[in-house]
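Pasting input03.txt here (compact mmCIF, C-alpha atoms):
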```
# COMPACT_ATOMS: atom_id res chain seq x y z
CA MET A 1 -20.77 -1.63 -24.22
CA SER A 2 -19.92 -1.61 -27.93
CA VAL A 3 -16.59 -2.58 -29.47
CA CYS A 4 -15.68 1.05 -30.22
CA GLU A 5 -15.82 1.88 -26.49
CA PHE A 6 -13.05 -0.56 -25.57
CA LYS A 7 -10.30 1.10 -23.50
CA PRO A 8 -7.11 -0.77 -22.53
CA GLY A 9 -6.81 -1.05 -18.78
CA LEU A 10 -10.44 0.14 -18.38
CA GLU A 11 -9.04 3.67 -18.21
CA GLY A 12 -11.70 6.13 -17.13
CA ILE A 13 -14.45 3.50 -16.96
CA PRO A 14 -16.27 3.44 -13.58
CA ALA A 15 -16.13 0.01 -11.96
CA ALA A 16 -18.03 0.81 -8.76
CA GLN A 17 -19.88 3.47 -6.82
CA SER A 18 -18.05 4.32 -3.62
CA SER A 19 -18.18 6.81 -0.75
CA ILE A 20 -14.79 5.82 0.69
CA SER A 21 -12.36 8.26 -0.92
CA PHE A 22 -12.23 11.04 -3.50
CA VAL A 23 -9.47 12.40 -5.72
CA ASN A 24 -9.40 15.58 -7.79
CA GLY A 25 -6.28 15.20 -9.89
CA GLN A 26 -6.43 18.67 -11.40
CA GLU A 27 -6.37 20.43 -8.03
CA GLY A 28 -4.39 17.88 -6.01
CA ILE A 29 -7.20 16.98 -3.60
CA LEU A 30 -7.47 13.67 -1.73
CA GLU A 31 -10.24 13.03 0.78
CA TYR A 32 -11.09 10.04 2.96
CA ARG A 33 -14.85 10.00 3.64
CA GLY A 34 -14.86 13.71 2.77
CA ILE A 35 -12.00 14.69 5.11
CA ARG A 36 -8.90 16.17 3.48
CA ILE A 37 -5.77 14.05 3.71
CA GLU A 38 -3.83 17.05 5.07
CA ASP A 39 -6.18 17.25 8.08
CA LEU A 40 -5.93 13.52 8.77
CA ALA A 41 -2.14 13.53 8.45
CA GLU A 42 -1.86 16.36 10.98
CA ASN A 43 -4.53 15.38 13.49
CA SER A 44 -5.42 11.71 13.19
CA THR A 45 -3.69 8.37 13.73
CA PHE A 46 -3.55 5.43 11.36
CA LEU A 47 -5.96 3.30 13.38
CA GLU A 48 -8.43 6.17 13.70
CA THR A 49 -8.16 6.69 9.95
CA ALA A 50 -8.66 2.98 9.35
CA TYR A 51 -11.80 3.08 11.49
CA LEU A 52 -13.03 6.08 9.47
CA LEU A 53 -12.45 4.31 6.17
CA ILE A 54 -13.95 0.97 7.16
CA TRP A 55 -16.96 2.08 9.23
CA GLY A 56 -17.61 5.37 7.48
CA LYS A 57 -17.28 7.75 10.44
CA LEU A 58 -14.74 9.04 12.91
CA PRO A 59 -14.91 6.98 16.12
CA THR A 60 -15.80 8.39 19.50
CA LYS A 61 -13.07 8.29 22.12
CA ASP A 62 -14.49 5.08 23.61
CA GLU A 63 -14.91 3.46 20.19
CA LEU A 64 -11.33 4.23 19.26
CA MET A 65 -9.96 2.96 22.58
CA GLU A 66 -11.85 -0.31 22.17
CA PHE A 67 -10.71 -0.67 18.55
CA GLU A 68 -7.08 -0.06 19.52
CA ARG A 69 -7.41 -2.57 22.37
CA GLU A 70 -8.74 -5.25 20.02
CA VAL A 71 -5.95 -4.68 17.51
CA ARG A 72 -3.28 -4.93 20.24
CA TYR A 73 -4.81 -8.18 21.51
CA HIS A 74 -4.68 -9.84 18.08
CA ARG A 75 -1.13 -8.88 17.04
CA ARG A 76 0.36 -12.32 17.63
CA ILE A 77 0.24 -14.92 14.86
CA LYS A 78 -0.38 -18.66 15.07
CA TYR A 79 2.80 -20.68 15.60
CA ARG A 80 1.92 -22.80 12.56
CA ILE A 81 1.91 -19.69 10.36
CA ARG A 82 5.23 -18.70 11.89
CA ASP A 83 6.61 -22.20 11.18
CA MET A 84 5.32 -22.01 7.62
CA MET A 85 7.10 -18.69 7.13
CA LYS A 86 10.36 -20.22 8.36
CA SER A 87 10.27 -22.55 5.38
CA PHE A 88 10.12 -19.67 2.88
CA PRO A 89 13.37 -19.14 0.93
CA GLU A 90 15.54 -16.36 2.34
CA SER A 91 15.92 -14.94 -1.18
CA GLY A 92 12.15 -14.62 -1.65
CA HIS A 93 10.61 -11.18 -1.94
CA PRO A 94 8.78 -10.07 1.22
CA MET A 95 5.66 -9.31 -0.83
CA ASP A 96 5.45 -12.94 -1.92
CA ALA A 97 5.89 -14.03 1.68
CA LEU A 98 3.16 -11.62 2.76
CA GLN A 99 0.73 -12.80 0.11
CA ALA A 100 1.21 -16.43 1.12
CA SER A 101 0.92 -15.60 4.82
CA ALA A 102 -2.22 -13.50 4.38
CA ALA A 103 -3.85 -16.30 2.42
CA ALA A 104 -2.85 -18.78 5.13
CA LEU A 105 -4.83 -16.80 7.69
CA GLY A 106 -7.92 -17.95 5.86
CA LEU A 107 -7.11 -21.56 6.75
CA PHE A 108 -7.53 -20.69 10.41
CA TYR A 109 -10.28 -18.08 10.40
CA SER A 110 -12.31 -18.42 7.19
CA ARG A 111 -15.98 -19.13 7.81
CA ARG A 112 -17.28 -16.81 5.09
CA ASP A 113 -19.96 -15.68 7.50
CA LEU A 114 -20.43 -12.44 5.61
CA ASP A 115 -23.85 -11.65 7.07
CA ASN A 116 -22.47 -11.66 10.60
CA PRO A 117 -21.23 -8.24 11.84
CA VAL A 118 -19.14 -9.96 14.52
CA TYR A 119 -17.30 -12.02 11.89
CA ILE A 120 -16.70 -8.90 9.79
CA ARG A 121 -15.29 -6.93 12.74
CA ASP A 122 -13.12 -9.85 13.84
CA ALA A 123 -11.69 -10.19 10.32
CA VAL A 124 -10.98 -6.45 10.09
CA VAL A 125 -9.21 -6.43 13.45
CA ARG A 126 -7.23 -9.60 12.78
CA LEU A 127 -5.95 -8.45 9.38
CA LEU A 128 -4.99 -4.99 10.60
CA ALA A 129 -3.29 -6.54 13.62
CA THR A 130 -1.38 -9.44 12.06
CA ILE A 131 -0.18 -8.07 8.70
CA PRO A 132 2.51 -5.90 10.36
CA THR A 133 3.56 -8.83 12.55
CA MET A 134 4.00 -11.07 9.51
CA VAL A 135 6.02 -8.45 7.61
CA ALA A 136 8.36 -7.93 10.58
CA ALA A 137 8.61 -11.66 11.28
CA PHE A 138 9.70 -12.53 7.74
CA GLN A 139 12.28 -9.75 7.76
CA LEU A 140 13.97 -11.28 10.82
CA MET A 141 13.48 -14.92 9.84
CA ARG A 142 15.10 -14.50 6.45
CA LYS A 143 18.21 -13.40 8.36
CA GLY A 144 18.08 -16.56 10.45
CA ASN A 145 16.67 -14.86 13.56
CA ASP A 146 13.56 -15.57 15.57
CA PRO A 147 10.76 -13.01 15.18
CA VAL A 148 10.29 -10.39 17.88
CA ARG A 149 7.10 -10.67 19.91
CA PRO A 150 4.75 -7.67 19.76
CA ARG A 151 4.61 -5.31 22.72
CA ASP A 152 1.17 -4.45 24.00
CA ASP A 153 2.40 -1.20 25.59
CA LEU A 154 3.38 0.27 22.20
CA ASP A 155 0.98 1.82 19.74
CA TYR A 156 0.44 0.46 16.23
CA SER A 157 3.32 2.14 14.42
CA ALA A 158 5.84 2.10 17.26
CA ASN A 159 5.20 -1.61 17.74
CA PHE A 160 5.93 -2.40 14.09
CA LEU A 161 9.22 -0.49 14.15
CA TYR A 162 10.08 -2.25 17.41
CA MET A 163 9.40 -5.68 15.90
CA LEU A 164 11.80 -4.89 13.05
CA SER A 165 14.75 -4.07 15.31
CA GLU A 166 13.83 -4.97 18.92
CA ARG A 167 14.55 -1.34 19.76
CA GLU A 168 11.87 1.06 20.87
CA PRO A 169 11.73 3.79 18.21
CA ASP A 170 12.15 7.51 18.78
CA PRO A 171 8.69 9.14 19.22
CA LEU A 172 9.19 11.36 16.16
CA MET A 173 10.12 8.36 14.04
CA ALA A 174 7.04 6.45 15.23
CA ARG A 175 4.79 9.46 14.55
CA VAL A 176 6.22 9.99 11.06
CA PHE A 177 5.72 6.32 10.27
CA ASP A 178 2.12 6.52 11.48
CA VAL A 179 1.49 9.49 9.17
CA CYS A 180 3.02 7.51 6.29
CA LEU A 181 0.53 4.70 6.94
CA THR A 182 -2.32 7.21 6.92
CA LEU A 183 -1.17 8.64 3.59
CA HIS A 184 -1.04 5.18 1.99
CA ALA A 185 -4.26 3.82 3.51
CA GLU A 186 -6.59 4.43 0.56
CA HIS A 187 -6.67 5.89 -2.94
CA THR A 188 -9.90 5.16 -4.83
CA MET A 189 -10.08 2.54 -7.57
CA ASN A 190 -6.41 1.69 -8.11
CA ALA A 191 -5.27 -1.69 -9.39
CA SER A 192 -4.99 -3.48 -6.05
CA THR A 193 -8.30 -2.10 -4.81
CA PHE A 194 -9.98 -3.22 -8.02
CA SER A 195 -8.43 -6.64 -7.49
CA ALA A 196 -9.78 -6.66 -3.93
CA ARG A 197 -13.29 -5.75 -5.06
CA VAL A 198 -13.31 -8.34 -7.84
CA THR A 199 -12.26 -11.03 -5.37
CA ALA A 200 -14.74 -9.77 -2.78
CA SER A 201 -17.57 -9.92 -5.33
CA THR A 202 -17.26 -13.72 -5.39
CA LEU A 203 -18.16 -13.71 -1.65
CA THR A 204 -14.95 -15.44 -0.65
CA ASP A 205 -13.33 -14.68 2.70
CA PRO A 206 -11.54 -11.37 3.44
CA TYR A 207 -8.19 -13.13 3.81
CA ALA A 208 -8.35 -14.17 0.15
CA VAL A 209 -9.41 -10.62 -0.72
CA VAL A 210 -6.34 -9.14 0.98
CA ALA A 211 -4.03 -11.82 -0.46
CA SER A 212 -5.20 -11.05 -4.00
CA ALA A 213 -4.71 -7.32 -3.43
CA VAL A 214 -1.21 -7.90 -2.02
CA GLY A 215 -0.30 -9.80 -5.18
CA THR A 216 -1.50 -6.90 -7.31
CA LEU A 217 0.27 -4.28 -5.22
CA GLY A 218 3.62 -6.02 -5.66
CA GLY A 219 4.14 -4.99 -9.27
CA PRO A 220 6.56 -2.16 -10.13
CA LEU A 221 3.79 -0.16 -11.81
CA HIS A 222 1.87 -0.05 -8.53
CA GLY A 223 3.27 -0.46 -5.02
CA GLY A 224 6.75 -1.50 -6.08
CA ALA A 225 7.57 1.92 -7.49
CA ASN A 226 9.08 3.34 -4.28
CA GLU A 227 11.73 0.60 -4.35
CA GLU A 228 12.62 1.69 -7.88
CA VAL A 229 12.94 5.34 -6.80
CA ILE A 230 15.74 4.56 -4.37
CA GLY A 231 17.56 2.58 -7.04
CA MET A 232 17.20 5.51 -9.43
CA LEU A 233 18.57 8.02 -6.89
CA GLU A 234 21.52 5.72 -6.18
CA GLU A 235 22.17 5.41 -9.91
CA ILE A 236 22.18 9.21 -10.32
CA GLY A 237 24.64 9.43 -7.44
CA SER A 238 25.06 13.22 -7.16
CA VAL A 239 23.23 16.49 -7.72
CA GLU A 240 25.54 17.25 -10.67
CA ASN A 241 24.41 14.09 -12.46
CA VAL A 242 20.70 14.87 -12.21
CA ARG A 243 20.23 16.82 -15.41
CA PRO A 244 22.45 14.58 -17.61
CA TYR A 245 20.56 11.58 -16.23
CA LEU A 246 17.22 13.23 -16.97
CA GLU A 247 18.25 14.21 -20.50
CA ASP A 248 19.34 10.65 -21.21
CA ARG A 249 16.03 9.23 -19.91
CA LEU A 250 14.00 11.70 -21.93
CA GLN A 251 15.93 10.97 -25.12
CA ARG A 252 15.34 7.24 -24.66
CA LYS A 253 11.72 7.85 -23.61
CA ALA A 254 12.40 5.81 -20.49
CA LYS A 255 10.18 5.95 -17.41
CA ILE A 256 11.30 8.11 -14.51
CA MET A 257 10.21 6.39 -11.32
CA GLY A 258 8.19 8.36 -8.77
CA PHE A 259 6.85 10.87 -11.31
CA GLY A 260 3.53 11.05 -13.07
CA HIS A 261 0.19 9.63 -12.07
CA ARG A 262 -2.89 8.34 -13.86
CA VAL A 263 -5.02 10.78 -11.86
CA TYR A 264 -2.89 13.67 -10.56
CA LYS A 265 -1.82 16.39 -12.99
CA VAL A 266 -0.26 18.44 -10.19
CA LYS A 267 1.98 17.37 -7.32
CA ASP A 268 0.45 14.52 -5.37
CA PRO A 269 -0.69 16.02 -2.02
CA ARG A 270 0.75 12.96 -0.28
CA ALA A 271 4.15 13.70 -1.83
CA THR A 272 4.02 17.23 -0.40
CA ILE A 273 3.34 15.87 3.08
CA LEU A 274 6.00 13.18 2.74
CA GLN A 275 8.59 15.74 1.69
CA LYS A 276 7.95 17.71 4.87
CA LEU A 277 8.18 14.51 6.92
CA ALA A 278 11.48 13.68 5.25
CA GLU A 279 12.87 17.09 6.20
CA GLN A 280 11.79 16.56 9.83
CA MET A 281 13.55 13.21 9.86
CA PHE A 282 16.76 14.62 8.39
CA ASP A 283 16.76 17.58 10.81
CA LYS A 284 16.69 15.23 13.79
CA PHE A 285 18.46 12.08 12.60
CA GLY A 286 20.98 13.34 10.07
CA TYR A 287 21.47 14.37 6.48
CA ASP A 288 20.78 12.12 3.47
CA LYS A 289 22.53 13.14 0.27
CA TYR A 290 19.86 11.41 -1.79
CA TYR A 291 17.31 13.96 -0.61
CA ASP A 292 19.25 16.76 -2.36
CA ILE A 293 19.32 14.60 -5.50
CA ALA A 294 15.55 14.09 -5.23
CA VAL A 295 14.86 17.80 -4.81
CA GLU A 296 17.03 18.68 -7.81
CA LEU A 297 15.36 15.99 -9.90
CA GLU A 298 11.91 17.33 -8.99
CA ARG A 299 13.05 20.83 -9.97
CA ALA A 300 14.49 19.66 -13.30
CA ILE A 301 11.42 17.63 -14.22
CA ALA A 302 9.13 20.54 -13.36
CA GLU A 303 11.07 22.64 -15.88
CA LYS A 304 11.02 19.97 -18.56
CA LEU A 305 7.71 18.18 -18.04
CA GLY A 306 5.59 20.32 -15.72
CA HIS A 307 3.51 21.53 -18.67
CA LYS A 308 2.51 17.91 -19.26
CA GLY A 309 1.31 17.45 -15.69
CA ILE A 310 4.28 15.31 -14.63
CA TYR A 311 5.00 15.83 -10.94
CA PRO A 312 6.12 13.70 -7.98
CA ASN A 313 3.70 11.04 -6.80
CA VAL A 314 3.45 9.36 -3.39
CA ASP A 315 6.30 6.96 -4.17
CA PHE A 316 8.93 9.62 -4.77
CA TYR A 317 9.61 10.70 -1.18
CA SER A 318 8.24 7.73 0.78
CA GLY A 319 11.32 5.60 0.11
CA LEU A 320 13.62 8.30 1.50
CA VAL A 321 11.56 8.43 4.69
CA TYR A 322 11.59 4.65 5.12
CA ARG A 323 15.29 4.50 4.31
CA LYS A 324 16.03 6.94 7.15
CA MET A 325 14.09 4.67 9.48
CA GLY A 326 16.38 1.80 8.57
CA ILE A 327 13.68 -0.12 6.71
CA PRO A 328 15.21 -2.29 3.95
CA THR A 329 14.33 -1.26 0.40
CA ASP A 330 12.49 -4.46 -0.45
CA LEU A 331 10.27 -3.92 2.60
CA PHE A 332 8.91 -0.62 1.25
CA THR A 333 6.05 -2.27 -0.63
CA PRO A 334 5.03 -4.55 2.27
CA VAL A 335 4.87 -1.39 4.42
CA PHE A 336 2.59 0.08 1.73
CA ALA A 337 0.46 -3.06 2.10
CA ILE A 338 0.26 -2.67 5.89
CA ALA A 339 -1.36 0.71 5.30
CA ARG A 340 -3.51 -0.21 2.31
CA VAL A 341 -5.15 -3.11 4.15
CA ALA A 342 -7.41 -0.43 5.66
CA GLY A 343 -8.57 0.71 2.24
CA TRP A 344 -8.95 -2.83 0.90
CA LEU A 345 -11.10 -3.80 3.88
CA ALA A 346 -13.23 -0.67 3.44
CA HIS A 347 -13.87 -1.63 -0.19
CA TRP A 348 -14.48 -5.28 0.79
CA LYS A 349 -17.14 -4.16 3.24
CA GLU A 350 -18.69 -1.78 0.74
CA GLN A 351 -18.67 -4.40 -2.02
CA ILE A 352 -20.42 -7.14 -0.06
CA ALA A 353 -23.05 -4.70 1.25
CA GLU A 354 -24.58 -4.41 -2.25
CA ASN A 355 -22.80 -7.15 -4.11
CA ARG A 356 -22.89 -8.10 -7.76
CA ILE A 357 -20.13 -10.35 -9.04
CA PHE A 358 -17.81 -8.67 -11.52
CA ARG A 359 -18.27 -10.09 -15.01
CA PRO A 360 -16.88 -7.66 -17.60
CA THR A 361 -17.11 -8.46 -21.26
CA GLN A 362 -14.30 -8.63 -23.81
CA VAL A 363 -13.56 -7.77 -27.42
CA TYR A 364 -12.75 -11.02 -29.20
CA THR A 365 -9.88 -10.66 -31.71
CA GLY A 366 -9.32 -14.30 -32.66
CA ASP A 367 -10.35 -16.46 -35.62
CA HIS A 368 -13.54 -18.44 -36.21
CA ASN A 369 -14.32 -21.85 -37.66
CA VAL A 370 -10.72 -23.03 -37.47
CA PRO A 371 -10.57 -26.74 -38.45
CA TYR A 372 -9.12 -29.24 -36.03
CA ILE A 373 -6.00 -30.93 -37.45
CA PRO A 374 -5.34 -34.49 -36.24
CA ILE A 375 -2.03 -34.82 -34.42
CA GLU A 376 -0.65 -37.12 -37.11
CA GLN A 377 -0.99 -34.32 -39.70
CA ARG A 378 0.63 -31.51 -37.72
```

Serialized structure, structure tokens:
Amino acid sequence: MSVCEFKPGLEGIPAAQSSISFVNGQEGILEYRGIRIEDLAENSTFLETAYLLIWGKLPTKDELMEFEREVRYHRRIKYRIRDMMKSFPESGHPMDALQASAAALGLFYSRRDLDNPVYIRDAVVRLLATIPTMVAAFQLMRKGNDPVRPRDDLDYSANFLYMLSEREPDPLMARVFDVCLTLHAEHTMNASTFSARVTASTLTDPYAVVASAVGTLGGPLHGGANEEVIGMLEEIGSVENVRPYLEDRLQRKAKIMGFGHRVYKVKDPRATILQKLAEQMFDKFGYDKYYDIAVELERAIAEKLGHKGIYPNVDFYSGLVYRKMGIPTDLFTPVFAIARVAGWLAHWKEQIAENRIFRPTQVYTGDHNVPYIPIEQR
């Protein structure tokens, strides 16, 4: 690649060939292994979707039952990991706690036996099973409480919500949460997935792969955006303040969280689904004034910026859904990570199947032949 082809952030430059997911940003299409996200959200479950992403096909009934059984069996975490988490500062961000905990799994299970299908399946199951447990455990431990043990009689999403509160969730709430996980499970070559593939290309263990991706996801330009959306809606405060707020942001050329996407130039199809889920939640569990603010903000931005392809992305409505479930704002991104583990593991598996270590080049902009100055002369 020549110097003139340099693009900051590698924008538009293919970094891998993949059959895992597909996005058409002009038409608002997202597919997992060729299946539209709308069909999966309506008909599938998160674990079935995870199986699809990681193994490349929808499971049979028996395959899915066995996969679900394995995940349930591995939900509990080692007491030493739990004790380690108790030493984390209560003021620490849950994403930092999750990154450290995911990396710690490698101390117990890392053999780097990447040619062994049994090792690969065990790693997939263990990461899918334990990441939710660690997120819920840290949430309770930072409040000074013991973590809640998983319940084997609850499915994947209901069990996570149970571990957060020790209350069995309403079936609608559990189903909506499961759909949210499906929507966040995969999205082509985003920053955290690229991080996962780069780490995977070194042939390290999958626990390090997931830990590196978690660290990447934590930034406000990636997974942390849904936290910022709630803060923005709280700052606006009322429907009447929407347009003055927007005008002020536009005049200052400030970012409006939850809008715009590097790929989508129409409304993110996941945002459309999430908006409908939010309305179902509010119909059953009560009104949220911030939803009206969000709808008015979407309307105002469509009028002002729609011609530029600025529309809601997946982060805009997801925070409102999680908020209604009682999930703390700073847990929104770890919940994103719970879902995205499926996509990261799919890319890990794909990367190691035909691996070549990532070694991009650079454009050097420094000096040459600079003389060394002895310390006495500086």

Could you pull the residues within 12 Å of A:Arg249, counting all atoms listed in the file, minus those fewer than 5 positions along the same chain, as a short mmCIF file (atom, residue, chain, number, x, y, z; two decimals) with C-alpha atoms, in the coordinates of the input?
```cif
data_model
loop_
_atom_site.label_atom_id
_atom_site.label_comp_id
_atom_site.auth_asym_id
_atom_site.auth_seq_id
_atom_site.Cartn_x
_atom_site.Cartn_y
_atom_site.Cartn_z
CA MET A 232 17.20 5.51 -9.43
CA ILE A 236 22.18 9.21 -10.32
CA VAL A 242 20.70 14.87 -12.21
CA ARG A 243 20.23 16.82 -15.41
CA PRO A 244 22.45 14.58 -17.61
CA ALA A 254 12.40 5.81 -20.49
CA LYS A 255 10.18 5.95 -17.41
CA ILE A 256 11.30 8.11 -14.51
CA MET A 257 10.21 6.39 -11.32
CA ILE A 301 11.42 17.63 -14.22
CA LYS A 304 11.02 19.97 -18.56
#
```

Shell of 12 Å around A:Glu66, only C-alpha atoms, local chain residues under 5 positions omitted, as JSON, numbers by chain: {"A": [47, 48, 51, 59, 60, 61, 71, 72, 73, 125]}

Counting all atoms listed in the file, the option among A:Thr333, A:Asn159, A:Ser318, A:Thr365 closest to A:Glu279: A:Ser318

Separation of atom CA of A:Tyr322 from atom CA of A:Gln26, in Å and rounded to one decimal: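 Computing it gives 28.2 Å between the two atoms.
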
Residue contacts of A:Arg36 (10 Å, all atoms listed in the file) excluding same-chain residues fewer than 3 positions away, as a PyMOL selection string: chain A and resi 21-23+29-33+39-41+269
